[in-house]
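**Q** What follows is run20.cif, mmCIF, C-alpha atoms.
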```
data_work
loop_
_atom_site.label_atom_id
_atom_site.label_comp_id
_atom_site.auth_asym_id
_atom_site.auth_seq_id
_atom_site.Cartn_x
_atom_site.Cartn_y
_atom_site.Cartn_z
CA MET V 246 -5.12 55.84 22.68
CA VAL V 247 -1.53 55.61 21.46
CA GLU V 248 -1.34 57.94 18.46
CA PRO V 249 1.90 58.74 16.60
CA ASN V 250 3.41 62.04 17.69
CA PRO V 251 5.60 63.98 15.25
CA ILE V 252 7.60 65.51 18.11
CA LEU V 253 8.29 62.43 20.22
CA GLN V 254 10.34 59.84 18.37
CA PRO V 255 10.85 56.22 19.46
CA THR V 256 14.08 55.27 21.18
CA THR V 257 17.09 54.25 19.10
CA SER V 258 16.99 50.74 20.56
CA ALA V 259 13.35 50.33 19.54
CA MET V 260 14.29 51.22 15.96
CA LEU V 261 17.18 48.76 15.76
CA LYS V 262 16.16 45.84 17.91
CA ARG V 263 13.93 43.10 16.52
CA THR V 264 14.01 40.56 19.34
CA LYS V 265 11.89 42.18 22.05
CA VAL V 266 12.75 42.67 25.73
CA ALA V 267 10.21 42.19 28.52
CA ALA V 268 11.09 43.30 32.06
CA THR V 269 9.47 42.09 35.28
CA LEU V 270 8.47 44.85 37.70
CA GLY V 271 9.25 44.77 41.40
CA PRO V 272 10.90 46.76 44.20
CA SER V 273 13.89 47.59 41.97
CA ALA V 274 11.79 49.05 39.16
CA SER V 275 8.14 50.05 39.42
CA ARG V 276 7.83 53.86 39.48
CA PRO V 277 7.33 55.94 36.32
CA GLY V 278 10.86 57.36 36.30
CA GLU V 279 12.37 53.90 36.70
CA LEU V 280 10.17 52.44 33.98
CA MET V 281 11.09 55.29 31.65
CA GLN V 282 14.75 54.37 32.12
CA LEU V 283 13.97 50.74 31.24
CA VAL V 284 12.11 51.79 28.08
CA ARG V 285 14.97 54.05 27.05
CA ALA V 286 17.35 51.12 27.64
CA GLY V 287 15.29 48.91 25.32
CA ALA V 288 12.33 47.41 27.22
CA ASP V 289 9.29 46.77 24.99
CA ALA V 290 6.97 45.11 27.52
CA PHE V 291 6.50 44.72 31.26
CA LEU V 292 5.45 41.77 33.42
CA LEU V 293 3.52 41.95 36.69
CA ASP V 294 3.59 38.85 38.89
CA LEU V 295 0.16 38.73 40.52
CA GLY V 296 1.39 36.04 42.88
CA HIS V 297 3.09 38.76 44.93
CA ASP V 298 1.96 41.99 46.63
CA ASN V 299 -1.68 43.10 46.50
CA ALA V 300 -4.26 44.80 44.27
CA SER V 301 -3.20 48.29 45.37
CA VAL V 302 0.43 47.67 44.38
CA TRP V 303 -0.65 46.08 41.08
CA HIS V 304 -2.83 49.10 40.32
CA ASP V 305 -0.02 51.57 40.99
CA ARG V 306 2.33 49.65 38.70
CA HIS V 307 -0.33 49.40 36.00
CA GLU V 308 -0.84 53.15 36.14
CA ALA V 309 2.93 53.74 36.01
CA ILE V 310 3.17 51.64 32.83
CA ARG V 311 0.34 53.49 31.13
CA GLU V 312 1.80 56.85 32.21
CA VAL V 313 5.14 55.97 30.59
CA GLU V 314 3.30 54.71 27.52
CA GLY V 315 1.60 58.08 27.21
CA MET V 316 4.83 60.02 27.69
CA THR V 317 6.77 58.02 25.10
CA GLN V 318 3.88 57.57 22.64
CA GLN V 319 5.19 54.01 22.36
CA PRO V 320 2.80 51.06 22.88
CA ILE V 321 3.84 48.96 25.88
CA ALA V 322 2.54 45.42 26.30
CA LEU V 323 1.48 44.46 29.83
CA LEU V 324 1.87 40.80 30.74
CA VAL V 325 0.58 39.46 34.06
CA GLU V 326 1.67 36.16 35.56
CA VAL V 327 -1.24 34.49 37.32
CA PRO V 328 -0.99 31.70 39.92
CA THR V 329 -3.47 28.90 39.26
CA GLU V 330 -4.70 25.89 41.19
CA GLU V 331 -5.50 22.64 39.46
CA GLY V 332 -8.24 20.39 40.82
CA THR V 333 -7.36 16.79 41.62
CA ASN V 334 -8.30 13.94 39.31
CA GLY V 335 -8.69 16.14 36.26
CA GLY V 336 -10.62 18.89 38.04
CA GLU V 337 -11.01 22.43 36.79
CA THR V 338 -8.41 25.21 36.87
CA HIS V 339 -9.03 27.85 39.55
CA ILE V 340 -7.80 31.45 39.76
CA ASP V 341 -8.28 33.65 42.81
CA ALA V 342 -11.42 35.80 42.43
CA GLN V 343 -9.57 38.99 43.42
CA ILE V 344 -7.02 38.43 40.66
CA ILE V 345 -9.72 37.81 38.05
CA SER V 346 -11.57 40.96 39.14
CA TRP V 347 -8.36 43.00 38.90
CA ILE V 348 -7.54 41.72 35.41
CA ALA V 349 -11.07 42.50 34.20
CA SER V 350 -10.83 46.13 35.39
CA HIS V 351 -7.38 46.90 33.96
CA GLU V 352 -5.75 47.04 30.51
CA VAL V 353 -4.01 43.67 30.51
CA ASP V 354 -2.66 42.35 27.21
CA TYR V 355 -1.42 38.86 28.12
CA VAL V 356 -2.18 36.49 31.00
CA LEU V 357 0.67 34.04 31.64
CA ILE V 358 -0.31 30.74 33.26
CA SER V 359 1.35 27.45 34.05
CA VAL V 360 -0.34 24.63 32.10
CA PRO V 361 0.11 21.28 33.89
CA ARG V 362 -2.79 19.84 31.84
CA GLY V 363 -1.71 21.45 28.59
CA SER V 364 -4.45 22.71 26.30
CA HIS V 365 -7.13 21.80 28.86
CA SER V 366 -5.67 24.32 31.33
CA ILE V 367 -5.60 26.98 28.60
CA ALA V 368 -9.22 26.37 27.58
CA GLU V 369 -10.44 26.65 31.17
CA VAL V 370 -8.60 29.91 31.78
CA ARG V 371 -10.07 31.32 28.56
CA LYS V 372 -13.56 30.52 29.90
CA ILE V 373 -12.77 32.27 33.19
CA LEU V 374 -11.54 35.40 31.40
CA ALA V 375 -14.45 35.40 28.95
CA LYS V 376 -16.97 35.46 31.81
CA THR V 377 -15.45 38.73 33.05
CA GLY V 378 -15.30 40.33 29.61
CA SER V 379 -11.50 40.48 29.61
CA GLY V 380 -9.90 40.60 26.17
CA ALA V 381 -6.48 39.48 27.44
CA ALA V 382 -4.62 36.88 25.39
CA VAL V 383 -3.40 33.72 27.13
CA MET V 384 0.25 32.66 27.13
CA ALA V 385 1.35 29.23 28.34
CA ARG V 386 4.36 28.94 30.64
CA LEU V 387 6.17 25.68 29.91
CA ASP V 388 6.81 24.84 33.56
CA HIS V 389 6.47 21.06 33.25
CA ALA V 390 8.41 18.41 31.35
CA GLY V 391 5.12 17.05 30.00
CA ASN V 392 4.47 20.36 28.24
CA TYR V 393 7.21 19.52 25.75
CA ARG V 394 5.51 16.26 24.79
CA ASP V 395 2.28 18.21 24.28
CA ILE V 396 3.87 21.27 22.66
CA ASP V 397 1.93 21.27 19.37
CA SER V 398 -1.50 21.28 21.02
CA ILE V 399 -0.33 23.92 23.52
CA ILE V 400 0.88 26.21 20.72
CA GLN V 401 -2.40 25.73 18.85
CA SER V 402 -4.47 26.50 21.96
CA ALA V 403 -2.45 29.39 23.43
CA ASP V 404 -1.69 32.88 22.12
CA GLY V 405 2.01 32.31 22.77
CA VAL V 406 4.38 30.33 24.99
CA VAL V 407 7.11 31.10 27.51
CA VAL V 408 10.12 28.79 27.85
CA THR V 409 11.04 28.71 31.56
CA GLY V 410 13.97 27.43 33.54
CA THR V 411 11.57 25.47 35.74
CA GLY V 412 10.30 23.36 32.87
CA LEU V 413 13.70 22.87 31.25
CA SER V 414 15.22 21.74 34.56
CA GLU V 415 12.87 18.74 34.60
CA LEU V 416 14.30 17.49 31.30
CA GLU V 417 17.39 15.39 30.70
CA THR V 418 20.33 17.80 30.59
CA TRP V 419 21.44 16.90 27.07
CA SER V 420 18.00 17.72 25.65
CA ILE V 421 17.62 21.22 27.15
CA PRO V 422 19.12 23.31 24.28
CA VAL V 423 17.37 21.12 21.71
CA MET V 424 13.99 21.66 23.38
CA GLN V 425 14.33 25.45 23.43
CA LYS V 426 15.17 25.47 19.72
CA MET V 427 12.32 23.06 18.98
CA VAL V 428 9.76 25.24 20.77
CA ALA V 429 10.92 28.36 18.93
CA ARG V 430 10.71 26.48 15.62
CA GLN V 431 7.20 25.17 16.34
CA CYS V 432 6.10 28.68 17.28
CA GLN V 433 7.31 29.87 13.88
CA ILE V 434 5.22 27.18 12.21
CA GLY V 435 2.24 28.02 14.40
CA ALA V 436 2.68 31.80 13.97
CA LYS V 437 2.65 32.33 17.73
CA PRO V 438 5.11 34.42 19.79
CA CYS V 439 7.80 32.53 21.72
CA LEU V 440 9.28 34.17 24.83
CA VAL V 441 12.31 32.85 26.71
CA GLY V 442 12.34 33.64 30.42
CA ARG V 443 14.77 31.64 32.49
CA GLY V 444 17.12 33.87 34.49
CA ILE V 445 19.35 34.67 31.55
CA LEU V 446 21.34 37.46 33.30
CA THR V 447 21.51 36.23 36.90
CA ASN V 448 25.07 37.52 37.27
CA MET V 449 23.66 41.04 36.98
CA LEU V 450 21.57 40.67 40.12
CA GLN V 451 24.68 41.81 42.01
CA THR V 452 27.04 43.25 39.39
CA LYS V 453 26.82 45.68 36.47
CA GLU V 454 28.34 43.26 33.99
CA PRO V 455 27.24 39.88 32.64
CA ASN V 456 29.58 36.96 32.34
CA ASN V 457 30.61 35.55 28.97
CA SER V 458 28.28 32.56 29.11
CA GLU V 459 25.29 34.85 29.65
CA VAL V 460 25.91 36.95 26.54
CA PHE V 461 26.47 33.77 24.54
CA ASP V 462 23.13 32.55 25.91
CA ILE V 463 21.39 35.73 24.74
CA ALA V 464 22.87 35.29 21.26
CA ASN V 465 21.65 31.70 21.12
CA VAL V 466 18.10 32.80 21.95
CA VAL V 467 18.26 35.27 19.05
CA PHE V 468 19.62 32.59 16.71
CA ASP V 469 16.77 30.31 17.84
CA HIS V 470 14.32 32.89 16.42
CA ALA V 471 12.55 33.58 19.71
CA ASP V 472 10.34 36.66 19.66
CA ALA V 473 11.28 38.07 23.06
CA ILE V 474 13.50 37.56 26.09
CA LEU V 475 11.88 37.97 29.50
CA LEU V 476 13.94 39.29 32.41
CA GLY V 477 12.71 38.26 35.87
CA GLU V 478 14.62 38.95 39.07
CA GLU V 479 17.19 40.88 37.05
CA THR V 480 14.80 43.85 36.86
CA ALA V 481 12.35 43.05 39.68
CA THR V 482 14.78 42.70 42.60
CA GLY V 483 18.28 43.05 41.13
CA ASN V 484 20.60 45.93 41.93
CA PHE V 485 21.04 47.00 38.30
CA PRO V 486 17.72 46.70 36.42
CA THR V 487 18.44 49.39 33.81
CA GLN V 488 21.90 48.03 33.10
CA ALA V 489 20.46 44.52 32.65
CA VAL V 490 17.99 45.75 30.03
CA GLU V 491 20.72 47.73 28.31
CA VAL V 492 23.13 44.76 28.19
CA LEU V 493 20.38 42.53 26.84
CA SER V 494 19.36 45.07 24.19
CA LYS V 495 22.93 45.73 23.03
CA THR V 496 23.70 42.01 22.82
CA VAL V 497 20.53 41.42 20.81
CA ILE V 498 21.37 44.24 18.39
CA ALA V 499 24.95 43.03 17.96
CA THR V 500 23.76 39.48 17.30
CA GLU V 501 21.07 40.53 14.85
CA SER V 502 23.51 42.68 12.90
CA LEU V 503 25.51 39.56 12.01
CA MET V 504 22.65 37.11 11.82
CA GLU V 505 22.21 35.47 8.43
CA ILE V 506 18.58 35.36 7.37
CA THR V 507 17.89 31.79 6.37
CA ASP V 508 16.77 31.06 2.81
CA ARG V 509 14.50 28.28 4.01
CA PRO V 510 11.15 29.88 4.80
CA ILE V 511 8.82 28.45 7.40
CA LYS V 512 5.67 26.80 6.11
CA VAL V 513 3.13 28.21 8.53
CA GLY V 514 0.69 25.58 9.73
CA PHE V 515 -1.56 24.71 12.67
CA GLY V 516 -4.71 25.87 10.89
CA GLN V 517 -3.59 29.42 10.08
CA PRO V 518 -5.56 31.12 7.25
CA PRO V 519 -3.96 29.67 4.08
CA ASN V 520 -4.54 32.73 1.87
CA THR V 521 -3.01 35.07 4.45
CA ALA V 522 -0.11 32.65 4.99
CA ALA V 523 0.52 32.57 1.24
CA LEU V 524 0.45 36.37 1.11
CA ALA V 525 3.03 36.55 3.93
CA TYR V 526 5.21 34.00 2.16
CA SER V 527 5.07 35.95 -1.11
CA ILE V 528 6.13 39.17 0.60
CA ARG V 529 9.31 37.47 1.78
CA HIS V 530 10.21 36.64 -1.83
CA ILE V 531 9.41 40.13 -3.10
CA LEU V 532 11.96 41.46 -0.61
CA LYS V 533 14.59 39.24 -2.24
CA MET V 534 13.83 40.74 -5.66
CA GLN V 535 13.31 44.44 -4.80
CA GLU V 536 14.71 46.98 -2.37
CA ILE V 537 11.91 47.40 0.17
CA ALA V 538 12.52 49.64 3.19
CA ALA V 539 9.60 48.46 5.34
CA VAL V 540 6.38 46.46 5.38
CA ALA V 541 3.30 48.08 6.90
CA VAL V 542 0.29 45.98 7.90
CA TYR V 543 -3.10 47.42 8.82
CA SER V 544 -5.66 45.05 10.32
CA HIS V 545 -8.07 45.02 13.26
CA SER V 546 -6.50 41.80 14.56
CA SER V 547 -2.81 40.84 14.62
CA MET V 548 -3.06 37.63 12.60
CA THR V 549 -1.52 38.97 9.36
CA THR V 550 1.29 40.75 11.19
CA ARG V 551 2.19 37.56 13.05
CA LEU V 552 2.26 35.51 9.86
CA ILE V 553 4.49 38.02 8.07
CA THR V 554 6.98 38.42 10.92
CA LYS V 555 7.23 34.62 11.34
CA ASN V 556 8.74 34.52 7.84
CA TRP V 557 11.66 36.48 9.35
CA ILE V 558 11.79 39.13 6.67
CA ASP V 559 14.81 41.39 6.58
CA CYS V 560 13.19 44.80 7.12
CA PRO V 561 11.05 46.50 9.79
CA VAL V 562 7.37 45.58 10.02
CA LEU V 563 5.03 48.44 10.98
CA GLY V 564 2.04 46.82 12.70
CA LEU V 565 -1.04 49.08 12.63
CA SER V 566 -4.49 48.60 14.11
CA ASP V 567 -7.42 50.61 15.41
CA SER V 568 -7.53 48.33 18.48
CA PRO V 569 -5.36 49.40 21.48
CA THR V 570 -5.24 45.80 22.70
CA THR V 571 -4.02 44.50 19.34
CA VAL V 572 -1.34 47.21 19.18
CA ARG V 573 0.00 46.38 22.64
CA GLN V 574 -0.06 42.65 22.04
CA MET V 575 2.17 43.19 19.01
CA GLY V 576 4.75 44.59 21.45
CA VAL V 577 6.22 41.11 21.87
CA TYR V 578 6.24 40.22 18.16
CA HIS V 579 9.70 39.89 16.61
CA GLY V 580 10.67 42.81 14.38
CA VAL V 581 7.33 44.64 14.69
CA VAL V 582 7.01 48.37 15.43
CA PRO V 583 3.39 48.62 16.66
CA ARG V 584 1.31 51.79 16.46
CA GLN V 585 -2.37 52.64 16.74
CA MET V 586 -4.24 54.47 13.98
CA LYS V 587 -7.88 55.31 13.38
CA ALA V 588 -9.76 52.86 11.19
CA PRO V 589 -9.55 54.22 7.62
CA GLY V 590 -12.71 54.74 5.60
CA THR V 591 -11.11 54.20 2.19
CA THR V 592 -8.06 52.55 0.67
CA ALA V 593 -6.62 55.97 -0.21
CA GLU V 594 -6.95 57.11 3.40
CA MET V 595 -5.33 53.91 4.63
CA LEU V 596 -2.33 54.35 2.31
CA ALA V 597 -1.89 58.04 3.18
CA THR V 598 -2.04 57.45 6.94
CA THR V 599 0.19 54.39 6.83
CA THR V 600 2.96 56.11 4.86
CA SER V 601 2.71 59.19 7.10
CA ILE V 602 3.26 57.10 10.25
CA ALA V 603 6.15 55.21 8.63
CA LYS V 604 7.85 58.52 7.76
CA GLN V 605 7.32 59.91 11.29
CA LEU V 606 8.99 56.82 12.73
CA GLU V 607 11.85 57.15 10.21
CA LEU V 608 11.23 53.66 8.88
CA VAL V 609 11.13 55.13 5.37
CA VAL V 610 12.31 58.28 3.61
CA PRO V 611 11.24 59.85 0.30
CA GLY V 612 12.24 57.62 -2.59
CA ASP V 613 11.94 54.38 -0.56
CA ARG V 614 9.49 51.66 -1.47
CA MET V 615 7.21 50.19 1.17
CA ILE V 616 4.80 47.27 0.99
CA VAL V 617 1.42 48.14 2.50
CA VAL V 618 -0.77 45.19 3.46
CA SER V 619 -4.48 45.37 4.35
CA GLU V 620 -7.86 43.86 3.74
CA LEU V 621 -9.71 44.88 0.59
CA PRO V 622 -12.29 46.20 0.61
CA ILE V 623 -11.50 48.06 3.84
CA ARG V 624 -13.18 46.55 6.95
CA SER V 625 -14.15 43.44 5.03
CA THR V 626 -12.27 40.99 7.26
CA ASP V 627 -9.87 40.76 10.19
CA ASN V 628 -7.23 39.11 7.98
CA ALA V 629 -5.44 41.09 5.26
CA ASN V 630 -5.82 39.75 1.73
CA ALA V 631 -4.05 42.28 -0.50
CA PHE V 632 -0.97 44.47 -0.72
CA VAL V 633 0.49 47.29 -2.78
CA ILE V 634 4.04 48.54 -3.24
CA GLU V 635 4.03 52.24 -2.44
CA THR V 636 6.83 54.65 -3.39
CA ILE V 637 7.32 57.20 -0.61
CA THR V 638 7.06 60.88 -1.65
#
```
Spit out the file's structure as structure tokens when you get a sec.
**A**
Amino acid sequence: MVEPNPILQPTTSAMLKRTKVAATLGPSASRPGELMQLVRAGADAFLLDLGHDNASVWHDRHEAIREVEGMTQQPIALLVEVPTEEGTNGGETHIDAQIISWIASHEVDYVLISVPRGSHSIAEVRKILAKTGSGAAVMARLDHAGNYRDIDSIIQSADGVVVTGTGLSELETWSIPVMQKMVARQCQIGAKPCLVGRGILTNMLQTKEPNNSEVFDIANVVFDHADAILLGEETATGNFPTQAVEVLSKTVIATESLMEITDRPIKVGFGQPPNTAALAYSIRHILKMQEIAAVAVYSHSSMTTRLITKNWIDCPVLGLSDSPTTVRQMGVYHGVVPRQMKAPGTTAEMLATTTSIAKQLELVVPGDRMIVVSELPIRSTDNANAFVIETIT
């Protein structure tokens, strides 16, 4: 259980950075000390590629992640990339039984899969995971040119998408930057996280410094409103994994500090709860009329938090839940500081606990105003339906 600790504070980069950083584990970074360095440099999530190594190695890396999570008191999302096999002539999707068994017995937050048959591949993987009792969310890797023609149904079916170099390379060259921006935009509309993972800092496999085109590329991903940037070989096998995370984090922070928040809000669609979407939209406009230091959202699921952050509001979002899985999954949501708290019994208890956590994390100070969002009455629904503006004392 990841409870706030008044002694251990989150890293500076975690406080400043809104676009999240996910780092792939491998020989260059997999032990607790190495992972701690990556977190201190700005990593918010880690990826395990279950297409390499074996169950013993995966277990050791899983335990290292959870050990660092406990030491930092900072939720860390664990993503696993899973190789799949597609049957011929429209056959079913298959995943190795050992991999499925491993996922079911470990705390996995996201399963990343290639989706050659789009939403059909996603639905079949969901069935496989459900049979094992796994609560892992499913993210679609856009590894095929056809995925871009089917992007709306993929976003609706998946819990997030990953833009990959493999899929983009199959497109006509002139359309590549347009497609990345289009996917990020559609993910805003669909209120789903968009990750970009396509070898963005390959120069740092061998050197401590990126080249100019790489830092421009990072800035463009931020401007595209992606939720997270995924490093692959840069941290898994590169010579300078910590430096790669640090360069990425610093470039993100520098870009975000100059980024103009657009005045054209996204109309969230794809069947999202309309009342919750309207609440999220209204919060954006309150922030334009009042000085609000932070928005705190308590809910068992992450739906309301996703809808609010997809409006790209210009202050931190404190995502709170009693579910460890929900808290970790929010680790790849843009601008969200996720923390776990016990389910409150009353509205007064919810407000007191929420403001206490916000003060511990230095998101607010006495005299600030904070919007607190939750369901009323407490525990009535998974989606928040009310908010108050609380003055911090």
**Q** Just say which residues the PyMOL selection byres ((chain V and resi 574-577) around 7) picks in this file, as JSON, numbers by chain.
**A** {"V": [265, 289, 290, 320, 321, 322, 354, 472, 473, 570, 571, 572, 573, 578, 579, 581, 583]}
**Q** For V:Glu415, which residue out of V:Leu387, V:Met427, V:Ile474, V:Ala539 is the nearest one, using all atoms listed in the file?
**A**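 Under the stated criterion, the closest residue is V:Leu387.
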**Q** Which residues are near V:Leu608? Cut-off 8 Å, all atoms listed in the file, ignore same chain within fewer than 3 positions. Put them as a list of chain:residue names.
**A**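 Result of the neighbour search: V:Ala538, V:Ala539, V:Pro561, V:Ala603, V:Lys604, V:Gln605.
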**Q** Name the residues that the PyMOL selection byres ((chain V and resi 616) around 6) picks from the file above, as a PDB file with C-alpha atoms, in the coordinates of the input, using the file's chain letters and numbers.
**A**
```pdb
ATOM      1  CA  VAL V 540       6.380  46.460   5.380  1.00  0.00           C
ATOM      2  CA  MET V 615       7.210  50.190   1.170  1.00  0.00           C
ATOM      3  CA  VAL V 617       1.420  48.140   2.500  1.00  0.00           C
ATOM      4  CA  VAL V 633       0.490  47.290  -2.780  1.00  0.00           C
ATOM      5  CA  ILE V 634       4.040  48.540  -3.240  1.00  0.00           C
TER       6      ILE V 634
END
```
**Q** Which of these residues is nearest to V:Val460, using all atoms listed in the file: V:Asn392, V:Thr482, V:Ser494, V:Thr269?
**A** V:Ser494
**Q** Please provide as a list in words all residues within 12 Å of V:Met595, with the sequence filter that same-chain residues fewer than 5 positions apart are discarded (counting only C-alpha atoms).
**A**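 Listing them by chain and then by number gives Ala541, Val542, Tyr543, Ser544, Leu565, Ser566, Asp567, Met586, Lys587, Ala588, Pro589, Gly590, Thr600, Ser601, Ile602, Val617, Val618, Ser619, Glu620, Leu621, Pro622, Ile623, Arg624, Phe632, Val633 and Glu635 of chain V.
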**Q** Mind checking which residues fall within 12 Å of V:Val492, counting only C-alpha atoms, ignoring those fewer than 2 positions away in the same chain, and posting them as a PDB file with C-alpha atoms, in the frame of the given file?
**A**
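See part36.pdb below for the written result:
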```
ATOM      1  CA  SER V 258      16.990  50.740  20.560  1.00  0.00           C
ATOM      2  CA  VAL V 266      12.750  42.670  25.730  1.00  0.00           C
ATOM      3  CA  LEU V 283      13.970  50.740  31.240  1.00  0.00           C
ATOM      4  CA  ALA V 286      17.350  51.120  27.640  1.00  0.00           C
ATOM      5  CA  GLY V 287      15.290  48.910  25.320  1.00  0.00           C
ATOM      6  CA  ALA V 288      12.330  47.410  27.220  1.00  0.00           C
ATOM      7  CA  ILE V 445      19.350  34.670  31.550  1.00  0.00           C
ATOM      8  CA  LEU V 446      21.340  37.460  33.300  1.00  0.00           C
ATOM      9  CA  ASN V 448      25.070  37.520  37.270  1.00  0.00           C
ATOM     10  CA  MET V 449      23.660  41.040  36.980  1.00  0.00           C
ATOM     11  CA  THR V 452      27.040  43.250  39.390  1.00  0.00           C
ATOM     12  CA  LYS V 453      26.820  45.680  36.470  1.00  0.00           C
ATOM     13  CA  GLU V 454      28.340  43.260  33.990  1.00  0.00           C
ATOM     14  CA  PRO V 455      27.240  39.880  32.640  1.00  0.00           C
ATOM     15  CA  ASN V 456      29.580  36.960  32.340  1.00  0.00           C
ATOM     16  CA  ASN V 457      30.610  35.550  28.970  1.00  0.00           C
ATOM     17  CA  GLU V 459      25.290  34.850  29.650  1.00  0.00           C
ATOM     18  CA  VAL V 460      25.910  36.950  26.540  1.00  0.00           C
ATOM     19  CA  ILE V 463      21.390  35.730  24.740  1.00  0.00           C
ATOM     20  CA  ALA V 464      22.870  35.290  21.260  1.00  0.00           C
ATOM     21  CA  LEU V 476      13.940  39.290  32.410  1.00  0.00           C
ATOM     22  CA  GLU V 479      17.190  40.880  37.050  1.00  0.00           C
ATOM     23  CA  PHE V 485      21.040  47.000  38.300  1.00  0.00           C
ATOM     24  CA  PRO V 486      17.720  46.700  36.420  1.00  0.00           C
ATOM     25  CA  THR V 487      18.440  49.390  33.810  1.00  0.00           C
ATOM     26  CA  GLN V 488      21.900  48.030  33.100  1.00  0.00           C
ATOM     27  CA  ALA V 489      20.460  44.520  32.650  1.00  0.00           C
ATOM     28  CA  VAL V 490      17.990  45.750  30.030  1.00  0.00           C
ATOM     29  CA  SER V 494      19.360  45.070  24.190  1.00  0.00           C
ATOM     30  CA  LYS V 495      22.930  45.730  23.030  1.00  0.00           C
ATOM     31  CA  THR V 496      23.700  42.010  22.820  1.00  0.00           C
ATOM     32  CA  VAL V 497      20.530  41.420  20.810  1.00  0.00           C
ATOM     33  CA  ILE V 498      21.370  44.240  18.390  1.00  0.00           C
ATOM     34  CA  ALA V 499      24.950  43.030  17.960  1.00  0.00           C
TER      35      ALA V 499
END
```
**Q** Kindly list the centre and edge lengths in Å, rounded to one decimal, for the axis-aligned box that covers all listed atoms of stretch 377-387 of chain V plus 5 Å on each of its six sides, as AutoDock Vina command-line options.
**A**
```
--center_x -4.6 --center_y 33.1 --center_z 29.2 --size_x 31.6 --size_y 24.9 --size_z 17.7
```
**Q** Starting from the displayed file, determine the output of the PyMOL selection byres ((chain V and resi 526) around 10) and express the residue list as a list in words.
**A**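 Going through the file, the PyMOL selection byres ((chain V and resi 526) around 10) ends up selecting Pro510, Ile511, Lys512, Val513, Asn520, Thr521, Ala522, Ala523, Leu524, Ala525, Ser527, Ile528, Arg529, His530, Ile531, Leu552, Ile553, Thr554, Lys555, Asn556, Trp557 and Ile558 of chain V.
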**Q** Which neighbours of V:Met316 fall inside 10 Å, counting all atoms listed in the file, when residues of the same chain fewer than 2 positions from it are skipped, and could you give them as a list of chain:residue names?
**A**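 The residues satisfying every condition are V:Val247, V:Leu253, V:Pro277, V:Met281, V:Ile310, V:Arg311, V:Glu312, V:Val313, V:Glu314, V:Gln318, V:Gln319.
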**Q** Could you tell me which of V:Val407, V:Ile396, V:Ile345, V:Leu475 comes closest to V:Ser379 if we count all atoms listed in the file?
**A**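 Of V:Val407, V:Ile396, V:Ile345, V:Leu475, the one nearest V:Ser379, counting all atoms listed in the file, is V:Ile345.
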**Q** Please determine, counting only C-alpha atoms, which residue among V:Ser402, V:Thr599, V:Thr411, V:Thr592 has the shortest atom-to-atom distance to V:Ala631.
**A** V:Thr592
**Q** Show me, as a ChimeraX atom specification, the residues that have an atom within 12 Å of V:Asn299 when counting only C-alpha atoms, minus same-chain residues fewer than 6 positions from it.
**A** /V:293,305-306,343-344,347
**Q** Please, what distance in Å, to one decimal, runs between atom CA of V:Asp613 and atom CA of V:Glu536?
**A** 8.1 Å
**Q** Considering only C-alpha atoms, can you say which of V:Leu596, V:Ala274, V:Val325, V:Val467 comes closest to V:Ser502?
**A**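 That would be V:Val467, the residue with the smallest distance to V:Ser502.
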**Q** Which value, in Å to one decimal, gives the distance between atom CA of V:Thr549 and atom CA of V:Gly442?
**A**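 These atoms are spaced 25.8 Å apart.
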**Q** Please compute the atom CA of V:Ala268-atom CA of V:Asp294 distance, one decimal, in Å.
**A**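 Taking atom CA of V:Ala268 and atom CA of V:Asp294, their separation equals 11.1 Å.
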**Q** Would you list the residues near (1.0, 36.9, 25.4), meaning any protein, DNA or RNA residue with an atom at most 9 Å from that point in file coordinates, counting only C-alpha atoms, as a list in words?
**A**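 Answer for this query, in the requested form: Ala322, Leu323, Leu324, Asp354, Tyr355, Val356, Leu357, Ala381, Ala382, Val383, Met384, Ala385, Ala403, Asp404, Gly405, Val406, Val407, Pro438, Cys439, Leu440, Gln574 and Val577 of chain V.
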**Q** Using all atoms listed in the file, can you tell me which of V:Glu594, V:Glu352, V:Glu417, V:Asp388 comes closest to V:His304?
**A**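 Answer, going by the shortest atom-to-atom distance: V:Glu352.
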